[in-house]
Amino acid sequence: MVSPVGDGADLQGLIRANEFPSIAIGKSAKDSGFIYLAWDDGGNAVPDSFSTTGSYAFSDIKMSASRDYGDTWKTPIRVNTNAKGGGALLTDQFEPAIAADTKGALAVCLYDRRRDANNFQIDRECAKSFDGGTTWSNRKMTAITFPTEVGQDLLVAQDYMGDFDTAATDATGRQSGFIDSHASNSLGDPTVMIDQP
């Protein structure tokens with residue numbers, strides 16, 4: 001796992017670089033007990049004289065799976081499907097939330113800047129996989145792209161934005177599918193939103 005921007009640094013727009021991975025446990029007959037892990041991975045580093053670390057690493061979302069209770073892990077797979085490098089825009093995807101449903105599907109929901117060449121405007125994107133995380137399809141969830149809004153609460157860290165987002169499934173196991181909660185700044189301040197990817 002590569003830190004998106006280095007220790008003690010923020011993502012562009014002064015958002016805290018959330019280093020917390022997200023974990024899910026398989027619930028279906030075909031993946032019961034499998035462990036799925038998603039995280040920010042800053043493998044696209046470029047020099048940046050404005051950064052406190054001297055470089056900026058545009059983050060992707062990666063995930064891996066363990067089928068033996070965490071003893072071994074599959075090679076990490078990139079979840080966001082936007083083009084990167086080779087002339088394509090470098091943008092951040094960050095703060096993933098992963099869930100596994102009762103039919104064996106996986107969802108990873110994340111903040112996404114692929115539609116902004118300046119890497120500031122944000123959408124909520126959710127990716128789904130029906131083959132254990134080998135392939136992913138991405139879908140934009142937000143109707144309106146929104147800007148970064150930090151410093152909304154003087155009693156908490158000024159660079160927090162959406163640290164407690166999550167993707168979830170029916171805990172009773174009766175329904176398949178997912179619910180995603182996240183913060184949207186489309187109204188001018190952080191508002192909790194719910195989507196069904």
# chains A, B, ... in the order shown; residues from 1 in each chain; ligands from 1
>>> residues_around(residues="range 123-133 of chain A", least_positions_apart="5", cutoff="7 Å", atoms="only C-alpha atoms", output="PDB file with C-alpha atoms, in the first residue's frame")
ATOM      1  CA  VAL A  79     -11.166  -0.640  -8.846  1.00  0.00           C
ATOM      2  CA  GLY A 104     -21.590 -12.796  -3.941  1.00  0.00           C
ATOM      3  CA  ALA A 105     -21.473  -9.323  -5.479  1.00  0.00           C
ATOM      4  CA  LEU A 106     -19.034  -6.677  -4.247  1.00  0.00           C
ATOM      5  CA  ALA A 107     -19.433  -2.904  -4.192  1.00  0.00           C
ATOM      6  CA  VAL A 108     -16.752  -0.277  -3.596  1.00  0.00           C
ATOM      7  CA  CYS A 109     -17.985   3.315  -3.342  1.00  0.00           C
ATOM      8  CA  LEU A 110     -15.504   6.203  -3.466  1.00  0.00           C
ATOM      9  CA  TYR A 111     -14.964   9.897  -4.039  1.00  0.00           C
ATOM     10  CA  ASP A 112     -13.885  10.516  -7.631  1.00  0.00           C
ATOM     11  CA  ARG A 113     -12.328  13.451  -9.513  1.00  0.00           C
ATOM     12  CA  ASN A 138     -18.091   2.008 -12.328  1.00  0.00           C
ATOM     13  CA  ARG A 139     -21.209   4.166 -12.071  1.00  0.00           C
ATOM     14  CA  LYS A 140     -21.478   7.837 -11.137  1.00  0.00           C
ATOM     15  CA  MET A 141     -23.927   8.245  -8.253  1.00  0.00           C
ATOM     16  CA  THR A 142     -24.044  12.033  -7.832  1.00  0.00           C
ATOM     17  CA  THR A 145     -20.345  17.428  -9.136  1.00  0.00           C
ATOM     18  CA  PHE A 146     -19.362  19.293  -5.971  1.00  0.00           C
ATOM     19  CA  PRO A 197     -25.442   1.353  -6.268  1.00  0.00           C
TER      20      PRO A 197
END
>>> residues_around(residues="range 68-75 of chain A", least_positions_apart="5", cutoff="8 Å", atoms="only C-alpha atoms", output="mmCIF file with N, CA and C atoms, in the first residue's frame")
data_model
loop_
_atom_site.group_PDB
_atom_site.id
_atom_site.type_symbol
_atom_site.label_atom_id
_atom_site.label_comp_id
_atom_site.auth_asym_id
_atom_site.auth_seq_id
_atom_site.Cartn_x
_atom_site.Cartn_y
_atom_site.Cartn_z
ATOM 1 N N GLY A 33 -16.861 -16.239 4.241
ATOM 2 C CA GLY A 33 -15.603 -16.176 4.981
ATOM 3 C C GLY A 33 -14.449 -15.543 4.233
ATOM 4 N N PHE A 34 -14.608 -15.251 2.939
ATOM 5 C CA PHE A 34 -13.547 -14.542 2.216
ATOM 6 C C PHE A 34 -13.424 -13.140 2.818
ATOM 7 N N ILE A 35 -12.233 -12.587 2.790
ATOM 8 C CA ILE A 35 -11.996 -11.240 3.288
ATOM 9 C C ILE A 35 -11.651 -10.356 2.092
#
>>> atom_distance(atom1="CA of Pro21 in chain A", atom2="CA of Asp48 in chain A")
25.4 Å
>>> residues_around(residues="Asn118 in chain A", least_positions_apart="4", cutoff="12 Å", atoms="only C-alpha atoms", output="list in words")
Gln12, Gly13, Leu89, Leu90, Thr91, Asp92, Arg113, Arg114, Ile122 and Pro147 of chain A
>>> closest_residue(among="A:Thr102, A:Ser51, A:Ser66, A:Thr148", to="Ser176 in chain A", atoms="only C-alpha atoms")
A:Thr102
>>> residues_around(residues="Leu187 in chain A", least_positions_apart="2", cutoff="10 Å", atoms="only C-alpha atoms", output="PDB file with C-alpha atoms, in the first residue's frame")
ATOM      1  CA  ILE A 144     -24.141  17.293  -9.333  1.00  0.00           C
ATOM      2  CA  PHE A 146     -19.362  19.293  -5.971  1.00  0.00           C
ATOM      3  CA  PRO A 147     -16.337  21.153  -4.564  1.00  0.00           C
ATOM      4  CA  SER A 184     -22.083  15.619  -0.598  1.00  0.00           C
ATOM      5  CA  ASN A 185     -21.121  19.290  -0.712  1.00  0.00           C
ATOM      6  CA  ASP A 189     -21.937  22.326   3.070  1.00  0.00           C
ATOM      7  CA  PRO A 190     -21.535  18.614   3.870  1.00  0.00           C
ATOM      8  CA  THR A 191     -24.860  16.804   3.677  1.00  0.00           C
TER       9      THR A 191
END
>>> atom_distance(atom1="CA of Thr134 in chain A", atom2="CA of Tyr36 in chain A")
11.8 Å
>>> residues_around(residues="Arg174 in chain A", least_positions_apart="4", cutoff="12 Å", atoms="only C-alpha atoms", output="ChimeraX atom specification")
/A:27-28,101-103,169-170
>>> closest_residue(among="A:Ser137, A:Gln196, A:Ser186, A:Thr52", to="Asn82 in chain A", atoms="only C-alpha atoms")
A:Ser137
>>> atom_distance(atom1="CA of Ala168 in chain A", atom2="CA of Asp180 in chain A")
6.4 Å
>>> residues_around(residues="Leu37 in chain A", least_positions_apart="3", cutoff="8 Å", atoms="only C-alpha atoms", output="list in words")
Pro21, Ser22, Ile23, Ala24, Met63, Ser64, Ala65 and Ile98 of chain A
>>> closest_residue(among="A:Ala100, A:Val46, A:Ala183, A:Asp116", to="Ala167 in chain A", atoms="only C-alpha atoms")
A:Ala100
